[in-house]
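Asks: Below is the file query34.tsv, with TSV, C-alpha atoms.
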chain	number	residue	atom	x	y	z
A	1274	GLU	CA	-191.65	54.90	-32.38
A	1275	PRO	CA	-189.30	56.24	-29.67
A	1276	GLU	CA	-188.28	59.84	-30.10
A	1277	VAL	CA	-186.03	62.51	-28.67
A	1278	THR	CA	-188.07	65.12	-26.80
A	1279	GLN	CA	-186.97	68.67	-26.07
A	1280	THR	CA	-188.39	71.31	-23.76
A	1281	PRO	CA	-189.31	74.07	-23.90
A	1282	SER	CA	-190.20	74.46	-27.56
A	1283	HIS	CA	-189.56	78.20	-27.32
A	1284	GLN	CA	-187.51	80.06	-24.73
A	1285	VAL	CA	-187.30	83.84	-24.52
A	1286	THR	CA	-184.55	85.19	-22.27
A	1287	GLN	CA	-182.98	88.54	-21.50
A	1288	MET	CA	-179.38	88.98	-22.56
A	1289	GLY	CA	-177.01	88.06	-19.76
A	1290	GLN	CA	-179.40	85.59	-18.15
A	1291	GLU	CA	-178.72	81.91	-17.75
A	1292	VAL	CA	-180.80	79.44	-19.74
A	1293	ILE	CA	-181.14	75.66	-19.52
A	1294	LEU	CA	-182.40	73.66	-22.46
A	1295	ARG	CA	-183.66	70.19	-21.70
A	1296	CYS	CA	-183.64	66.99	-23.69
A	1297	VAL	CA	-184.85	63.47	-23.05
A	1298	PRO	CA	-182.93	61.19	-25.42
A	1299	ILE	CA	-184.29	57.87	-26.64
A	1300	SER	CA	-184.18	55.61	-23.60
A	1301	ASN	CA	-181.59	53.00	-24.58
A	1302	HIS	CA	-179.30	55.40	-26.45
A	1303	LEU	CA	-175.77	55.97	-25.20
A	1304	TYR	CA	-174.42	58.92	-27.17
A	1305	PHE	CA	-175.87	62.41	-26.89
A	1306	TYR	CA	-175.36	65.57	-28.90
A	1307	TRP	CA	-176.28	69.23	-29.08
A	1308	TYR	CA	-176.40	71.16	-32.34
A	1309	ARG	CA	-177.60	74.64	-33.13
A	1310	GLN	CA	-179.03	76.28	-36.23
A	1311	ILE	CA	-178.94	80.04	-36.52
A	1312	LEU	CA	-181.77	81.33	-38.72
A	1313	GLY	CA	-180.86	80.89	-42.37
A	1314	GLN	CA	-177.64	79.01	-41.64
A	1315	LYS	CA	-176.61	75.37	-41.57
A	1316	VAL	CA	-176.89	73.07	-38.59
A	1317	GLU	CA	-173.69	73.28	-36.51
A	1318	PHE	CA	-172.27	70.78	-34.05
A	1319	LEU	CA	-171.78	71.97	-30.47
A	1320	VAL	CA	-170.89	69.01	-28.29
A	1321	SER	CA	-171.08	65.26	-27.91
A	1322	PHE	CA	-171.42	63.36	-24.64
A	1323	TYR	CA	-170.78	59.73	-23.79
A	1324	ASN	CA	-170.26	57.82	-20.57
A	1325	ASN	CA	-170.95	60.92	-18.48
A	1326	GLU	CA	-168.33	63.09	-20.07
A	1327	ILE	CA	-167.82	65.33	-23.07
A	1328	SER	CA	-166.26	63.34	-25.91
A	1329	GLU	CA	-165.96	66.15	-28.43
A	1330	LYS	CA	-166.78	69.86	-28.63
A	1331	SER	CA	-166.62	72.52	-31.28
A	1332	GLU	CA	-165.05	75.96	-31.12
A	1333	ILE	CA	-168.54	77.36	-30.55
A	1334	PHE	CA	-168.81	75.49	-27.26
A	1335	ASP	CA	-166.86	77.92	-25.09
A	1336	ASP	CA	-166.83	78.42	-21.32
A	1337	GLN	CA	-170.33	79.88	-21.41
A	1338	PHE	CA	-171.72	76.48	-22.35
A	1339	SER	CA	-172.00	73.34	-20.27
A	1340	VAL	CA	-173.81	70.03	-20.54
A	1341	GLU	CA	-175.03	67.67	-17.91
A	1342	ARG	CA	-176.84	64.39	-17.57
A	1343	PRO	CA	-178.22	64.85	-14.07
A	1344	ASP	CA	-180.18	61.60	-13.98
A	1345	GLY	CA	-180.79	58.59	-16.17
A	1346	SER	CA	-183.10	60.34	-18.58
A	1347	ASN	CA	-182.35	64.05	-19.01
A	1348	PHE	CA	-179.56	65.70	-20.96
A	1349	THR	CA	-179.26	69.46	-20.52
A	1350	LEU	CA	-177.46	72.32	-22.22
A	1351	LYS	CA	-176.76	75.38	-20.08
A	1352	ILE	CA	-175.73	78.76	-21.40
A	1353	ARG	CA	-174.41	80.75	-18.46
A	1354	SER	CA	-174.68	84.34	-19.68
A	1355	THR	CA	-176.59	84.56	-22.90
A	1356	LYS	CA	-175.66	86.87	-25.75
A	1357	LEU	CA	-177.76	88.13	-28.63
A	1358	GLU	CA	-175.86	85.86	-31.01
A	1359	ASP	CA	-176.95	82.80	-29.03
A	1360	SER	CA	-180.41	83.16	-30.58
A	1361	ALA	CA	-180.93	79.99	-32.61
A	1362	MET	CA	-182.70	76.66	-32.79
A	1363	TYR	CA	-180.97	74.17	-30.53
A	1364	PHE	CA	-181.31	70.49	-31.41
A	1365	CYS	CA	-180.57	67.52	-29.21
A	1366	ALA	CA	-179.72	64.17	-30.80
A	1367	SER	CA	-178.98	60.69	-29.54
A	1368	ARG	CA	-177.90	57.37	-30.95
A	1369	LEU	CA	-176.91	53.81	-30.25
A	1370	THR	CA	-173.45	52.45	-30.97
A	1371	SER	CA	-172.76	52.39	-34.73
A	1372	GLN	CA	-176.20	53.82	-35.50
A	1373	PRO	CA	-177.23	57.19	-36.95
A	1374	GLN	CA	-178.27	60.14	-34.83
A	1375	HIS	CA	-181.92	60.88	-34.19
A	1376	PHE	CA	-182.96	64.46	-33.54
A	1377	GLY	CA	-185.54	66.18	-31.37
A	1378	ASP	CA	-187.76	68.97	-32.67
A	1379	GLY	CA	-185.56	71.62	-31.11
A	1380	THR	CA	-185.86	74.58	-28.78
A	1381	ARG	CA	-186.10	78.00	-30.32
A	1382	LEU	CA	-184.01	80.31	-28.13
A	1383	SER	CA	-184.65	84.03	-28.48
A	1384	ILE	CA	-182.34	86.42	-26.66
A	1385	LEU	CA	-183.68	89.95	-26.15
B	1342	THR	CA	-162.59	71.26	-41.01
B	1343	GLN	CA	-164.78	69.16	-43.26
B	1344	LEU	CA	-167.28	70.90	-45.51
B	1345	LEU	CA	-170.28	69.54	-47.35
B	1346	GLU	CA	-171.65	71.52	-50.26
B	1347	GLN	CA	-175.19	70.87	-51.35
B	1348	SER	CA	-176.67	71.89	-54.66
B	1349	PRO	CA	-178.96	73.26	-55.68
B	1350	GLN	CA	-179.87	75.41	-52.69
B	1351	PHE	CA	-183.42	75.92	-53.97
B	1352	LEU	CA	-185.42	73.76	-56.37
B	1353	SER	CA	-188.97	74.36	-57.54
B	1354	ILE	CA	-190.50	71.77	-59.86
B	1355	GLN	CA	-193.85	70.53	-61.07
B	1356	GLU	CA	-195.51	67.39	-59.78
B	1357	GLY	CA	-194.37	64.34	-61.70
B	1358	GLU	CA	-190.91	65.63	-62.56
B	1359	ASN	CA	-187.67	63.96	-61.50
B	1360	LEU	CA	-184.92	65.72	-59.59
B	1361	THR	CA	-181.46	65.14	-58.17
B	1362	VAL	CA	-179.81	66.83	-55.21
B	1363	TYR	CA	-176.05	66.69	-54.82
B	1364	CYS	CA	-173.83	66.69	-51.78
B	1365	ASN	CA	-170.09	67.11	-52.38
B	1366	SER	CA	-166.94	67.35	-50.32
B	1367	SER	CA	-163.19	67.21	-50.74
B	1368	SER	CA	-163.03	65.05	-47.61
B	1369	VAL	CA	-163.74	61.37	-47.11
B	1370	PHE	CA	-166.66	60.46	-44.89
B	1371	SER	CA	-167.08	57.19	-43.03
B	1372	SER	CA	-170.84	57.53	-43.42
B	1373	LEU	CA	-173.33	59.96	-44.83
B	1374	GLN	CA	-176.89	60.56	-43.79
B	1375	TRP	CA	-179.76	62.26	-45.56
B	1376	TYR	CA	-182.33	64.02	-43.41
B	1377	ARG	CA	-185.53	65.87	-44.18
B	1378	GLN	CA	-186.54	68.85	-42.07
B	1379	GLU	CA	-189.96	70.48	-41.89
B	1380	PRO	CA	-190.46	74.03	-40.54
B	1381	GLY	CA	-190.38	74.07	-36.75
B	1382	GLU	CA	-189.20	70.49	-36.49
B	1383	GLY	CA	-185.92	68.66	-36.18
B	1384	PRO	CA	-184.18	66.75	-38.97
B	1385	VAL	CA	-185.76	63.34	-39.62
B	1386	LEU	CA	-183.46	60.59	-40.81
B	1387	LEU	CA	-184.17	59.22	-44.28
B	1388	VAL	CA	-181.17	56.98	-44.93
B	1389	THR	CA	-177.57	56.20	-43.99
B	1390	VAL	CA	-174.96	55.14	-46.55
B	1391	VAL	CA	-171.60	53.76	-45.44
B	1392	THR	CA	-170.02	51.87	-48.34
B	1393	GLY	CA	-168.47	53.55	-51.39
B	1394	GLY	CA	-170.74	53.04	-54.40
B	1395	GLU	CA	-173.67	52.05	-52.21
B	1396	VAL	CA	-177.16	52.66	-53.55
B	1397	LYS	CA	-180.25	52.64	-51.35
B	1398	LYS	CA	-183.85	53.06	-52.38
B	1399	LEU	CA	-186.71	54.35	-50.28
B	1400	LYS	CA	-189.86	54.20	-52.41
B	1401	ARG	CA	-189.35	56.96	-55.02
B	1402	LEU	CA	-186.11	58.17	-53.42
B	1403	THR	CA	-182.74	56.78	-54.52
B	1404	PHE	CA	-179.61	57.59	-52.53
B	1405	GLN	CA	-176.09	56.97	-53.77
B	1406	PHE	CA	-172.73	57.23	-52.02
B	1407	GLY	CA	-169.78	58.00	-54.27
B	1408	ASP	CA	-167.09	55.40	-54.80
B	1409	ALA	CA	-164.54	57.52	-52.96
B	1410	ARG	CA	-167.03	58.35	-50.17
B	1411	LYS	CA	-166.68	62.07	-50.82
B	1412	ASP	CA	-170.04	62.73	-52.40
B	1413	SER	CA	-173.64	61.61	-52.43
B	1414	SER	CA	-176.80	62.21	-54.39
B	1415	LEU	CA	-180.52	62.01	-53.74
B	1416	HIS	CA	-182.76	61.33	-56.72
B	1417	ILE	CA	-186.53	61.63	-56.50
B	1418	THR	CA	-188.66	60.09	-59.21
B	1419	ALA	CA	-192.09	61.48	-60.07
B	1420	ALA	CA	-192.01	64.11	-57.33
B	1421	GLN	CA	-195.21	64.80	-55.40
B	1422	PRO	CA	-196.28	67.87	-53.40
B	1423	GLY	CA	-195.75	65.81	-50.25
B	1424	ASP	CA	-192.04	65.70	-51.07
B	1425	THR	CA	-191.80	69.44	-50.41
B	1426	GLY	CA	-189.31	70.17	-47.64
B	1427	LEU	CA	-185.71	70.87	-46.72
B	1428	TYR	CA	-183.33	68.03	-47.53
B	1429	LEU	CA	-180.06	67.91	-45.61
B	1430	CYS	CA	-177.01	65.78	-46.12
B	1431	ALA	CA	-174.72	65.21	-43.15
B	1432	GLY	CA	-171.54	63.21	-42.83
B	1433	THR	CA	-169.34	61.77	-40.14
B	1434	GLU	CA	-165.57	61.78	-40.56
B	1435	THR	CA	-165.05	58.80	-38.29
B	1436	SER	CA	-167.56	56.40	-36.92
B	1437	GLY	CA	-169.68	58.01	-34.26
B	1438	SER	CA	-168.18	61.47	-34.45
B	1439	ARG	CA	-169.91	64.79	-35.00
B	1440	LEU	CA	-172.19	65.30	-37.97
B	1441	THR	CA	-171.15	67.91	-40.51
B	1442	PHE	CA	-174.18	69.26	-42.29
B	1443	GLY	CA	-174.63	70.72	-45.75
B	1444	GLU	CA	-176.58	73.94	-46.23
B	1445	GLY	CA	-179.67	72.05	-47.34
B	1446	THR	CA	-181.81	71.99	-50.47
B	1447	GLN	CA	-185.25	73.55	-50.18
B	1448	LEU	CA	-187.49	71.56	-52.52
B	1449	THR	CA	-190.91	72.80	-53.59
B	1450	VAL	CA	-193.12	70.51	-55.66
B	1451	ASN	CA	-196.02	72.37	-57.20
B	1452	PRO	CA	-199.29	70.55	-57.94
In structure tokens, how does this file's structure come out?
Replies:
Amino acid sequence: EPEVTQTPSHQVTQMGQEVILRCVPISNHLYFYWYRQILGQKVEFLVSFYNNEISEKSEIFDDQFSVERPDGSNFTLKIRSTKLEDSAMYFCASRLTSQPQHFGDGTRLSIL
Amino acid sequence: TQLLEQSPQFLSIQEGENLTVYCNSSSVFSSLQWYRQEPGEGPVLLVTVVTGGEVKKLKRLTFQFGDARKDSSLHITAAQPGDTGLYLCAGTETSGSRLTFGEGTQLTVNP
């Protein structure tokens, strides 16, 4: 069964450094999402992306964050200057029109 | 901002028992999904409900969407140790929009 794949599974970065989290959505899906889950907290929406532009973003998704679909398969989340509080699991999701979202296994981001 | 409240937060039962997990909100959702999440993995979709009053069954799991589309429940019959995991409800306010997640219910089924 097709699945969303995320790399790396674990990323350790020094505070202030840039980090790029990568996702390969399910191949025929059109809508793409990033969520995060801080340890012990609920899953929170960050941003949605459709037709090569952001369609919705949360208050968490500030100027330090950006998303890109550089080619036909990858969907990336960049954090420009990481902070300690960015440590979390980051989940990518994708879906077809009028279908539910399917999630990857996440990237655990640890900021030191 | 829409909120989804799940209860109970933790549930530990013996194999063979029945259980119900609740997901409640003061807001109306266009659809509601139930996911199951294992440690170190992403949420895995179990079911989507879209119509008020809708009931869906997945083997021993029964999902119900409230008539007003503000609440949902997950009932497991004759729970097994393999049912152990984190169960998440998540709703969309309008079709295709962001998912709002509940806090999750950590279920442990003891042999």
Asks: Distance cut-off 10 Å, counting all atoms listed in the file - which residues of chain B neighbour chain A? Return them as a PyMOL selection string.
Replies: chain B and resi 1372-1374+1376+1378-1386+1388-1389+1429+1431+1433+1436-1445
Asks: Which residues, written as a PyMOL selection string, have at least one atom at most 8 Å from Ser1367 of chain B, with only C-alpha atoms counted and residues fewer than 6 positions away on the same chain left out?
Replies: chain B and resi 1343-1344+1411
Asks: Can you tell me which residues surround segment 1397-1401 of chain B at a distance of at most 9 Å, considering only C-alpha atoms, apart from same-chain residues fewer than 3 positions away, and format the answer as a PDB file with C-alpha atoms, in the coordinates of the input?
Replies:
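Below is the file that was written, around29.pdb:
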ATOM      1  CA  LEU B1387    -184.170  59.220 -44.280  1.00  0.00           C
ATOM      2  CA  VAL B1388    -181.170  56.980 -44.930  1.00  0.00           C
ATOM      3  CA  THR B1389    -177.570  56.200 -43.990  1.00  0.00           C
ATOM      4  CA  VAL B1390    -174.960  55.140 -46.550  1.00  0.00           C
ATOM      5  CA  PHE B1404    -179.610  57.590 -52.530  1.00  0.00           C
ATOM      6  CA  GLN B1405    -176.090  56.970 -53.770  1.00  0.00           C
ATOM      7  CA  PHE B1406    -172.730  57.230 -52.020  1.00  0.00           C
ATOM      8  CA  HIS B1416    -182.760  61.330 -56.720  1.00  0.00           C
ATOM      9  CA  ILE B1417    -186.530  61.630 -56.500  1.00  0.00           C
ATOM     10  CA  THR B1418    -188.660  60.090 -59.210  1.00  0.00           C
ATOM     11  CA  ALA B1419    -192.090  61.480 -60.070  1.00  0.00           C
ATOM     12  CA  ALA B1420    -192.010  64.110 -57.330  1.00  0.00           C
TER      13      ALA B1420
END
Asks: Calculated over all atoms listed in the file, which of the candidates A:Asp1335, A:Glu1276, A:Glu1341, A:Glu1291 has the smallest distance to Ile1384 of chain A?
Replies: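 Closest to Ile1384 of chain A, using all atoms listed in the file: A:Glu1291.
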Asks: Using all atoms listed in the file, can you list as a ChimeraX atom specification the residues within 9 Å of (-190.0, 78.9, -26.7)?
Replies: /A:1280-1285,1380-1383
Asks: Could you jot down the atom CA of Ile1293 of chain A to atom CA of Ser1360 of chain A separation for me, Å, one decimal place?
Replies: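 Pair atom CA of Ile1293 of chain A / atom CA of Ser1360 of chain A returns 13.4 Å.
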Asks: If you measure from atom CA of Leu1385 of chain A to atom CA of Gln1447 of chain B, what distance in Å do you get, rounded to one decimal?
Replies: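 Going from atom CA of Leu1385 of chain A over to atom CA of Gln1447 of chain B, I get 29.1 Å.
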Asks: Which neighbours of Leu1448 of chain B fall inside 7 Å, counting all atoms listed in the file, when residues of the same chain fewer than 5 positions from it are skipped, and could you give them as a short mmCIF file (atom, residue, chain, number, x, y, z; two decimals) with C-alpha atoms, in the frame of the given file?
Replies:
data_model
loop_
_atom_site.label_atom_id
_atom_site.label_comp_id
_atom_site.auth_asym_id
_atom_site.auth_seq_id
_atom_site.Cartn_x
_atom_site.Cartn_y
_atom_site.Cartn_z
CA PHE B 1351 -183.42 75.92 -53.97
CA LEU B 1352 -185.42 73.76 -56.37
CA SER B 1353 -188.97 74.36 -57.54
CA THR B 1425 -191.80 69.44 -50.41
CA GLY B 1426 -189.31 70.17 -47.64
CA LEU B 1427 -185.71 70.87 -46.72
#
Asks: To one decimal in Å, tell me the separation between atom CA of Thr1392 of chain B and atom CA of Cys1364 of chain B.
Replies: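 Pair atom CA of Thr1392 of chain B / atom CA of Cys1364 of chain B returns 15.7 Å.
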Asks: Given the choices A:Asn1347, A:Ser1354, A:Gln1310, A:Gln1279, which gets closest to Asn1325 of chain A if the distance is worked out from all atoms listed in the file?
Replies: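 The shortest atom-to-atom distance to Asn1325 of chain A comes from A:Asn1347.
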Asks: List the spatial neighbours of Pro1343 of chain A as an NGL selection string - criterion: any atom at most 12 Å away, all atoms listed in the file, same-chain residues fewer than 3 positions off excluded.
Replies: :A and (1295-1297 or 1325-1326 or 1340 or 1346-1350)
Asks: Using only C-alpha atoms for the distances, tell me which of B:Asn1451, B:Ser1366, B:Asn1359, B:Ser1413 is nearest to Leu1345 of chain B.
Replies: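 So, comparing all the options, the nearest one is B:Ser1366.
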Asks: Hey, which of B:Leu1402, B:Asn1365, B:Arg1410, B:Phe1370 ends up closest to Glu1434 of chain B? Count all atoms listed in the file.
Replies: B:Phe1370
Asks: Counting only C-alpha atoms, which of A:Pro1275, A:Arg1342, A:Ser1300, A:Gln1337 gets nearest to Thr1355 of chain A?
Replies: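 Under the stated criterion, the closest residue is A:Gln1337.
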Asks: Can you work out which one of A:Glu1358, A:Ile1327, A:Thr1278, A:Met1288 has the shortest atom-to-atom distance to Phe1305 of chain A, counting all atoms listed in the file?
Replies: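 Under the stated criterion, the closest residue is A:Ile1327.
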Asks: Rebuild segment 1413-1435 of chain B so that it carries N, CA and C atoms, then output the result as a PDB file, keeping the file's coordinate frame.
Replies:
ATOM      1  N   SER B1413    -172.412  62.389 -52.468  1.00  0.00           N
ATOM      2  CA  SER B1413    -173.640  61.610 -52.430  1.00  0.00           C
ATOM      3  C   SER B1413    -174.702  62.338 -53.239  1.00  0.00           C
ATOM      4  N   SER B1414    -175.693  61.591 -53.662  1.00  0.00           N
ATOM      5  CA  SER B1414    -176.800  62.210 -54.390  1.00  0.00           C
ATOM      6  C   SER B1414    -178.111  61.600 -53.918  1.00  0.00           C
ATOM      7  N   LEU B1415    -179.146  62.419 -54.045  1.00  0.00           N
ATOM      8  CA  LEU B1415    -180.520  62.010 -53.740  1.00  0.00           C
ATOM      9  C   LEU B1415    -181.336  62.262 -54.994  1.00  0.00           C
ATOM     10  N   HIS B1416    -181.927  61.216 -55.525  1.00  0.00           N
ATOM     11  CA  HIS B1416    -182.760  61.330 -56.720  1.00  0.00           C
ATOM     12  C   HIS B1416    -184.193  60.995 -56.345  1.00  0.00           C
ATOM     13  N   ILE B1417    -185.104  61.877 -56.739  1.00  0.00           N
ATOM     14  CA  ILE B1417    -186.530  61.630 -56.500  1.00  0.00           C
ATOM     15  C   ILE B1417    -187.211  61.469 -57.851  1.00  0.00           C
ATOM     16  N   THR B1418    -187.923  60.384 -57.980  1.00  0.00           N
ATOM     17  CA  THR B1418    -188.660  60.090 -59.210  1.00  0.00           C
ATOM     18  C   THR B1418    -190.121  60.488 -59.049  1.00  0.00           C
ATOM     19  N   ALA B1419    -190.654  61.111 -60.077  1.00  0.00           N
ATOM     20  CA  ALA B1419    -192.090  61.480 -60.070  1.00  0.00           C
ATOM     21  C   ALA B1419    -192.464  62.214 -58.793  1.00  0.00           C
ATOM     22  N   ALA B1420    -191.834  63.354 -58.572  1.00  0.00           N
ATOM     23  CA  ALA B1420    -192.010  64.110 -57.330  1.00  0.00           C
ATOM     24  C   ALA B1420    -193.485  64.456 -57.094  1.00  0.00           C
ATOM     25  N   GLN B1421    -193.854  64.471 -55.822  1.00  0.00           N
ATOM     26  CA  GLN B1421    -195.210  64.800 -55.400  1.00  0.00           C
ATOM     27  C   GLN B1421    -195.172  65.989 -54.445  1.00  0.00           C
ATOM     28  N   PRO B1422    -196.265  66.722 -54.328  1.00  0.00           N
ATOM     29  CA  PRO B1422    -196.280  67.870 -53.400  1.00  0.00           C
ATOM     30  C   PRO B1422    -195.869  67.497 -51.984  1.00  0.00           C
ATOM     31  N   GLY B1423    -196.149  66.272 -51.575  1.00  0.00           N
ATOM     32  CA  GLY B1423    -195.750  65.810 -50.250  1.00  0.00           C
ATOM     33  C   GLY B1423    -194.250  65.680 -50.069  1.00  0.00           C
ATOM     34  N   ASP B1424    -193.501  65.747 -51.161  1.00  0.00           N
ATOM     35  CA  ASP B1424    -192.040  65.700 -51.070  1.00  0.00           C
ATOM     36  C   ASP B1424    -191.457  67.060 -50.719  1.00  0.00           C
ATOM     37  N   THR B1425    -192.274  68.097 -50.732  1.00  0.00           N
ATOM     38  CA  THR B1425    -191.800  69.440 -50.410  1.00  0.00           C
ATOM     39  C   THR B1425    -191.175  69.467 -49.024  1.00  0.00           C
ATOM     40  N   GLY B1426    -189.995  70.071 -48.930  1.00  0.00           N
ATOM     41  CA  GLY B1426    -189.310  70.170 -47.640  1.00  0.00           C
ATOM     42  C   GLY B1426    -187.843  70.502 -47.825  1.00  0.00           C
ATOM     43  N   LEU B1427    -187.142  70.586 -46.715  1.00  0.00           N
ATOM     44  CA  LEU B1427    -185.710  70.870 -46.720  1.00  0.00           C
ATOM     45  C   LEU B1427    -184.958  69.554 -46.583  1.00  0.00           C
ATOM     46  N   TYR B1428    -184.111  69.261 -47.535  1.00  0.00           N
ATOM     47  CA  TYR B1428    -183.330  68.030 -47.530  1.00  0.00           C
ATOM     48  C   TYR B1428    -181.892  68.359 -47.154  1.00  0.00           C
ATOM     49  N   LEU B1429    -181.394  67.659 -46.144  1.00  0.00           N
ATOM     50  CA  LEU B1429    -180.060  67.910 -45.610  1.00  0.00           C
ATOM     51  C   LEU B1429    -179.197  66.666 -45.752  1.00  0.00           C
ATOM     52  N   CYS B1430    -177.971  66.866 -46.211  1.00  0.00           N
ATOM     53  CA  CYS B1430    -177.010  65.780 -46.120  1.00  0.00           C
ATOM     54  C   CYS B1430    -176.081  66.090 -44.952  1.00  0.00           C
ATOM     55  N   ALA B1431    -175.595  65.051 -44.312  1.00  0.00           N
ATOM     56  CA  ALA B1431    -174.720  65.210 -43.150  1.00  0.00           C
ATOM     57  C   ALA B1431    -173.789  64.018 -43.093  1.00  0.00           C
ATOM     58  N   GLY B1432    -172.514  64.281 -42.837  1.00  0.00           N
ATOM     59  CA  GLY B1432    -171.540  63.210 -42.830  1.00  0.00           C
ATOM     60  C   GLY B1432    -170.761  63.142 -41.538  1.00  0.00           C
ATOM     61  N   THR B1433    -170.231  61.960 -41.271  1.00  0.00           N
ATOM     62  CA  THR B1433    -169.340  61.770 -40.140  1.00  0.00           C
ATOM     63  C   THR B1433    -167.959  61.383 -40.668  1.00  0.00           C
ATOM     64  N   GLU B1434    -166.936  62.042 -40.114  1.00  0.00           N
ATOM     65  CA  GLU B1434    -165.570  61.780 -40.560  1.00  0.00           C
ATOM     66  C   GLU B1434    -165.118  60.410 -40.093  1.00  0.00           C
ATOM     67  N   THR B1435    -165.350  60.118 -38.851  1.00  0.00           N
ATOM     68  CA  THR B1435    -165.050  58.800 -38.290  1.00  0.00           C
ATOM     69  C   THR B1435    -166.296  58.285 -37.615  1.00  0.00           C
TER      70      THR B1435
END
